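The structure appears right after this line, and notes come after that.
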Amino acid sequence: KMVNCTIENKVAIVQLNNGKVNAISHALIKELKENFIALEKNNEVDGVILTGHTGAFSAGLDVLEQAEMDEASAEAFWVDYFDALKATVHYPTTFVCAITGFAPAGGTILTLCADYRIMAQEPKHRIGMHEFKLSMQVPELMLDIWCYTLGEQRAFQALQNATLFSAEEALALNIVQEIAPEHEVLERAKGHMKKCLKVYAPVYIESKRLARKQLLALVDRDNEQLAKAFVAFGKDPKLKKRIQLFAQQLKSKQ
C-alpha cells in the first residue's frame, strides 16, 4: 500500500507511505484519491488528518516515473492527480494536514487542499514551488491553488525565485496556520481536529463550503482536458530532455 489509513476515535489518519521521501507516484495519488472518496461516504468517520513520515511529508512528484511515461500514461497520471486534489478539497468535514517534514512542489499542493495545516519546525523542512530551478512547467490547476493561497503577485514572485519557505516563513505567509517541533505535529493536528469536531457538524460543513467557494470552483474543472493540455505542452523536446537529465541525476545518487 502507498497510503495507510487508520481510524482513531472516528478520525481517519491517512499516511502517505511511498518510501523514505514519499514521492508522488501514480499508484500513490490514485490510492489517495480513492481513500478520500471512500472516507467521504463513511458515516463512521468525522474528519481526516493527512500526514507523512517523520522528516518527510512528500518530496513531490516521482520524477523517475514521470521521465519514463508515454503520452497515455502521463495523461492518466495527471487526471488522477487532479481528481485527487478535487476529492481532498471537496471532503466536506474537517480536514487537517500534519506536515511532518519537507513538502515541496506537488507535496505543497496536497497540503493546500486541507482546511488547516500544521508544519514541523525543523531547519531542513521546506514548503513551496521550486520548479523554475529546473525550468519545469507547473500544471494550471496546481498554479491556481498556489495563487489562491498566496495571491497572484506573491505566488508568481515566489515561483520566479524558486523559493522554498521555512516553517516560520510559511506561518508568516499563512501557507500554514501553525508550526510545532517535528514530534508534536501529529498530536497538534489531533488537537485541532478535536476542537473543530466540537462544532455542530452541519454548521462546520456549510461554513466550509461557503468560505471556500473560490477553491471549490478551481477544482471543479474538466480534468481530462487539463491533463491533455499539460501533457501536450510537455512534448517540447527541450523540456523532455531537461526532465530526463534530472531523472538521470537522481538515479546516479541512488
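Residue numbering restarts at 1 in every chain; chains get A, B, ... in the order shown in the C-alpha cells, and ligands count up from 1 in that same order.
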
Requested in this report: Write out as a ChimeraX atom specification which residues come within 6 Å of A:Gly101 when counting only C-alpha atoms, dropping same-chain ones fewer than 4 positions away.
Outcome: /A:55-57,120,125

Report task. Taking the DSSP assignment computed from this structure's backbone, write out as number ranges by chain all residues of stretch 47-239 of chain A that belong to alpha helix (DSSP H). Result -> A: 63-68, 71-90, 106-111, 140-150, 152-160, 167-172, 185-197, 201-211, 213-219, 223-233, 237-239

Report task. Can you pull out every residue within 8 Å of stretch 148-164 of chain A, counting only C-alpha atoms, but drop anything in the same chain fewer than 4 positions away, and send it as JSON, numbers by chain? Result -> {"A": [104, 112, 126, 127, 128, 129, 130, 131, 132, 133, 144, 173, 174, 175, 215]}

Keeping only C-alpha atoms, write those residues as a PDB file, in the first residue's frame.
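Result saved to selection00.pdb:
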```
ATOM      1  CA  PRO A 104       7.910  20.964  -1.924  1.00  0.00           C
ATOM      2  CA  LEU A 112      -3.053  23.346   0.435  1.00  0.00           C
ATOM      3  CA  ARG A 126      10.714  23.481   3.411  1.00  0.00           C
ATOM      4  CA  ILE A 127       7.492  24.089   1.514  1.00  0.00           C
ATOM      5  CA  GLY A 128       6.856  25.902  -1.773  1.00  0.00           C
ATOM      6  CA  MET A 129       7.062  25.690  -5.547  1.00  0.00           C
ATOM      7  CA  HIS A 130      10.635  25.429  -6.852  1.00  0.00           C
ATOM      8  CA  GLU A 131      10.022  24.077 -10.359  1.00  0.00           C
ATOM      9  CA  PHE A 132      11.781  27.010 -12.045  1.00  0.00           C
ATOM     10  CA  LYS A 133      15.122  25.646 -10.778  1.00  0.00           C
ATOM     11  CA  ASP A 144      -4.256  28.121  -9.432  1.00  0.00           C
ATOM     12  CA  LEU A 173       2.516  33.999   4.918  1.00  0.00           C
ATOM     13  CA  ASN A 174      -0.407  31.830   6.103  1.00  0.00           C
ATOM     14  CA  ILE A 175       0.748  28.927   3.922  1.00  0.00           C
ATOM     15  CA  LEU A 215     -11.206  26.978  -4.149  1.00  0.00           C
TER      16      LEU A 215
END
```

Report task. Run DSSP on the backbone and grab whatever in stretch 57-132 of chain A lands in strand (DSSP E); send it over as number ranges by chain. Result -> A: 94-99, 101-104, 116-120, 127-128

Those residues with N, CA, C and O atoms, as a compact mmCIF listing (two decimals), in the first residue's frame please?
```txt
# COMPACT_ATOMS: atom_id res chain seq x y z
N THR A 94 -14.07 18.18 8.63
CA THR A 94 -12.75 18.72 8.96
C THR A 94 -11.62 17.91 8.33
O THR A 94 -11.57 16.70 8.44
N PHE A 95 -10.70 18.62 7.69
CA PHE A 95 -9.54 18.01 7.04
C PHE A 95 -8.30 18.81 7.46
O PHE A 95 -8.13 19.96 7.07
N VAL A 96 -7.46 18.17 8.26
CA VAL A 96 -6.25 18.81 8.79
C VAL A 96 -5.03 18.13 8.17
O VAL A 96 -5.02 16.91 7.98
N CYS A 97 -4.01 18.91 7.84
CA CYS A 97 -2.77 18.34 7.29
C CYS A 97 -1.65 18.48 8.30
O CYS A 97 -1.34 19.59 8.76
N ALA A 98 -1.04 17.36 8.67
CA ALA A 98 0.11 17.33 9.57
C ALA A 98 1.36 17.19 8.70
O ALA A 98 1.69 16.09 8.24
N ILE A 99 2.03 18.31 8.45
CA ILE A 99 3.18 18.34 7.54
C ILE A 99 4.42 17.96 8.34
O ILE A 99 5.06 18.79 8.98
N GLY A 101 7.38 16.97 7.55
CA GLY A 101 8.73 17.21 7.04
C GLY A 101 8.66 18.00 5.75
O GLY A 101 7.70 18.71 5.50
N PHE A 102 9.71 17.86 4.92
CA PHE A 102 9.76 18.65 3.69
C PHE A 102 8.57 18.31 2.79
O PHE A 102 8.11 17.18 2.74
N ALA A 103 8.06 19.35 2.09
CA ALA A 103 6.86 19.18 1.28
C ALA A 103 6.86 20.14 0.09
O ALA A 103 5.98 20.98 -0.04
N PRO A 104 7.87 20.04 -0.78
CA PRO A 104 7.91 20.96 -1.92
C PRO A 104 6.99 20.55 -3.07
O PRO A 104 6.51 19.41 -3.13
N TYR A 116 -6.72 23.21 7.38
CA TYR A 116 -5.78 23.75 8.39
C TYR A 116 -4.50 22.94 8.29
O TYR A 116 -4.53 21.72 8.15
N ARG A 117 -3.35 23.64 8.38
CA ARG A 117 -2.07 22.98 8.18
C ARG A 117 -1.12 23.26 9.34
O ARG A 117 -0.95 24.43 9.74
N ILE A 118 -0.50 22.20 9.84
CA ILE A 118 0.48 22.32 10.92
C ILE A 118 1.79 21.74 10.40
O ILE A 118 1.84 20.60 9.94
N MET A 119 2.87 22.53 10.46
CA MET A 119 4.14 22.14 9.84
C MET A 119 5.23 21.94 10.88
O MET A 119 5.33 22.70 11.86
N ALA A 120 6.05 20.93 10.65
CA ALA A 120 7.19 20.65 11.52
C ALA A 120 8.21 21.78 11.43
O ALA A 120 8.58 22.22 10.35
N ILE A 127 8.73 24.22 2.27
CA ILE A 127 7.49 24.09 1.51
C ILE A 127 7.47 25.18 0.45
O ILE A 127 8.01 26.27 0.67
N GLY A 128 6.90 24.89 -0.71
CA GLY A 128 6.86 25.90 -1.77
C GLY A 128 7.02 25.28 -3.15
O GLY A 128 7.21 24.07 -3.29
```

Per residue of stretch 127-201 of chain A within 10 Å of stretch 65-83 of chain A, record the nearest atom pair and its distance in Å to one decimal, counting only C-alpha atoms, with rows in chain order and ascending residue number, as JSON lines.
```
{"residue": "A:Pro139", "atom": "CA", "partner": "A:Trp78", "partner_atom": "CA", "distance": 9.0}
{"residue": "A:Leu141", "atom": "CA", "partner": "A:Phe82", "partner_atom": "CA", "distance": 7.4}
{"residue": "A:Met142", "atom": "CA", "partner": "A:Phe82", "partner_atom": "CA", "distance": 8.5}
```

Could you write out that same residue set with N, CA, C and O atoms as a CSV table (one decimal), in the first residue's frame?
```csv
chain,number,residue,atom,x,y,z
A,139,PRO,N,1.5,22.6,-13.7
A,139,PRO,CA,0.2,22.5,-14.3
A,139,PRO,C,-0.7,23.6,-13.8
A,139,PRO,O,-0.6,24.1,-12.7
A,141,LEU,N,-3.8,23.8,-12.8
A,141,LEU,CA,-4.6,23.7,-11.5
A,141,LEU,C,-3.7,23.8,-10.3
A,141,LEU,O,-4.1,24.4,-9.3
A,142,MET,N,-2.5,23.3,-10.4
A,142,MET,CA,-1.6,23.4,-9.2
A,142,MET,C,-1.2,24.9,-9.0
A,142,MET,O,-1.2,25.4,-7.9
```

Requested in this report: Compile the contact shell of stretch 29-34 of chain A as a PyMOL selection string: residues with an atom at most 12 Å away, counting only C-alpha atoms, same-chain residues fewer than 4 positions apart removed.
Outcome: chain A and resi 1-5+13-18+22-25+38-41+50-51+58+60-62+76-91+106-107+110

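The smallest atom-to-atom distance between A:Glu122 and any of A:Ala180, A:Leu64, A:Leu197, A:Leu245, using only C-alpha atoms, is found for A:Ala180.
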
Query raised in the report: From the set A:Thr93, A:Thr6, A:Ser166, A:Gln248, which residue has the shortest atom-to-atom contact distance to A:Asp46, counting only C-alpha atoms?
Result: A:Thr93

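What separates atom CA of A:Glu168 from atom CA of A:Gln121 is a distance of 7.4 Å.
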
Query raised in the report: Which is closest to A:Lys124 among A:Ala167, A:Ala12, A:Thr108, A:Val138, if we use only C-alpha atoms?
Result: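 Residue with the minimum atom-to-atom distance to A:Lys124: A:Ala167.
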